[in-house]
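Structure record follows, encoded as structure tokens.
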Amino acid sequence: MSATPATSREWHLIARPQGWPTPEDFALREVAVPEPGEGQILVRNIHLSVDPYMRGRMDDRPSYIPPFRLGEPMDGGAVGEVVASRAEGFAPGDHVLHGLGWREYALVDAARATKVDPQAAPLSAYLGVLGMPGMTAYAGLLEVASFKEGDTVFVSGAAGAVGSVVGQIARLKGAKRVIGSAGSEAKVRALTEEYGFDAAFNYKDGPVVDQLKAAAPDGIDVYFENVGGEHLEAALTVMNPHGRITVCGLIAQYNATEPTPGPRNLALLLGKRIRMQGMIVTDHGALRPRFVEEVGGWLRSGELKNPETFVHGVENTLDAFLGLLRGENTGKMIVSLDR
Ligand code: NDP
């Protein structure tokens, strides 16, 4: 293990993006590596998470999570190795999950760090399939959408961190048919050939509603919404009576500068008795033990695949984030600082 350096790099938001973020909105700054105070640990980050919700935190508006502050370090999920500790129960060499990403070294209140076991799963999995995105998929499908065996499930953003897990859980739990949409031929192929989806299509190839109708000749019972816009309208059209929609994300509008139009066919909610419900993953903590046991088990047995895309180096964190918004990831987008 090499000695802790005197300085570390961290990303700051320096201007609020208008529409698509640009490099001018961010700065990578060099700062002194601090010493831990009482109850704190110093963590060498090994993997950083970049996630779509971070785009919302770049705007200054009321939300379920506070905005990033201008001129201050950004944060987000990270896993790393404890290099110094003044907290009971944490020792150098331990691995932890915490919320101070977007930087090389993090000074973390031990109360806000969770120990993770690198022998049980690759460390990056704690940011993806075994972490927040996996939990979102699990809770959003099983609890919010009230999935039941025999349902036909459609998920958008299907080749991403959340979507790829939604489709696989649906299959493992006995879905009649699992359908996914994604933004490239390679992703569509991976969905059916590697992740067990029954059908998949590229939403850029033609109207979503036509492609969805072809993929779901008997309609859909559950729609797991990651995208919004045309996808939601298509799902409403193709949905069976008493269908359920989990509104997990609306990434198609995260960089919009004008309000985006709603689906034109909302009246279908009524006649088809469709239930549509938004979700925030942090509301579903009570499910965590079941999630860890079930998803952890599928991961260990190889029944559930864990696609990941790695970008290397803290200096490339912003590129990784922008790449995520552009669809350059399959599965979880991870920034690896591993040497
Ligand atoms: P992903 O790994 O799915 O990455 C984002 C993907 O979105 C890209 O790879 C891209 O794939 C797709 N995308 C980008 N722009 C568009 C567009 N205009 N139309 C269609 N697809 C687009 O991210 P996550 O799995 O982490 O998140 C998925 C969704 O879930 C997001 O909307 C996110 O905000 C939401 N989320 C919500 C949570 C909650 O608690 N409610 C928690 C976690 C995530 P492609 O190549 O297919 O276009």
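For the structure tokens, the naming scheme is as follows: chains receive sequential letters (A, B, ...) according to their order of presentation, residues are indexed from 1 within each chain, and ligands are indexed from 1 in presentation order.
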Practice task
Would you mind listing the residues within 6 Å of ligand 1, counting only C-alpha atoms and all ligand atoms, as a PyMOL selection string?
Solution key: chain A and resi 51-53+133+136+157+160-163+182-184+226-227+248-252+279-281+324-329+331-332
Problem - Residues of segment 16-215 of chain A in helix (DSSP H, G or I), written as a ChimeraX atom specification - result: /A:23-25,53-57,110-112,123-127,132-144,161-172,185-193,208-215
Handout entry: Non-local contacts of Gly134 of chain A (7 Å; only C-alpha atoms; under 4 positions in same chain excluded) as a VMD selection string
Key = chain A and resid 128 to 130 138 162 165
Exercise for the section: Quick one: pull the distance between atom CA of Arg177 of chain A and atom CA of Ala267 of chain A, Å, one decimal. Expected result: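 Atom-to-atom, atom CA of Arg177 of chain A and atom CA of Ala267 of chain A are spaced 25.8 Å apart.
The closest residue to Tyr195 of chain A, picked from A:Val155, A:Leu304, A:Leu100, A:Val79 and counting only C-alpha atoms, is A:Leu304.
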Fill in the blank from the handout: Taken to one decimal, the atom CA of Glu104 of chain A-atom CA of Ser8 of chain A distance is 5.7 Å
Exercise for the section: May I ask which of the residues A:Ala158, A:Ala234, A:Val292, A:Ala320 is the closest one to Ala120 of chain A, counting only C-alpha atoms? Expected result: A:Val292
Practice task
Extract, using only C-alpha atoms, all DNA, RNA and protein residues at most 7 Å from segment 18-33 of chain A, discarding same-chain residues fewer than 5 positions from it, and format them as a PyMOL selection string.
Solution key: chain A and resi 6-13+105+255-257
Handout entry: Closest of A:Asp151, A:Glu143, A:Glu194, A:Asp117 to Asp221 of chain A - atom-to-atom distances counting only C-alpha atoms
Key =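 Looking only at the distances to Asp221 of chain A, the closest residue turns out to be A:Asp151.
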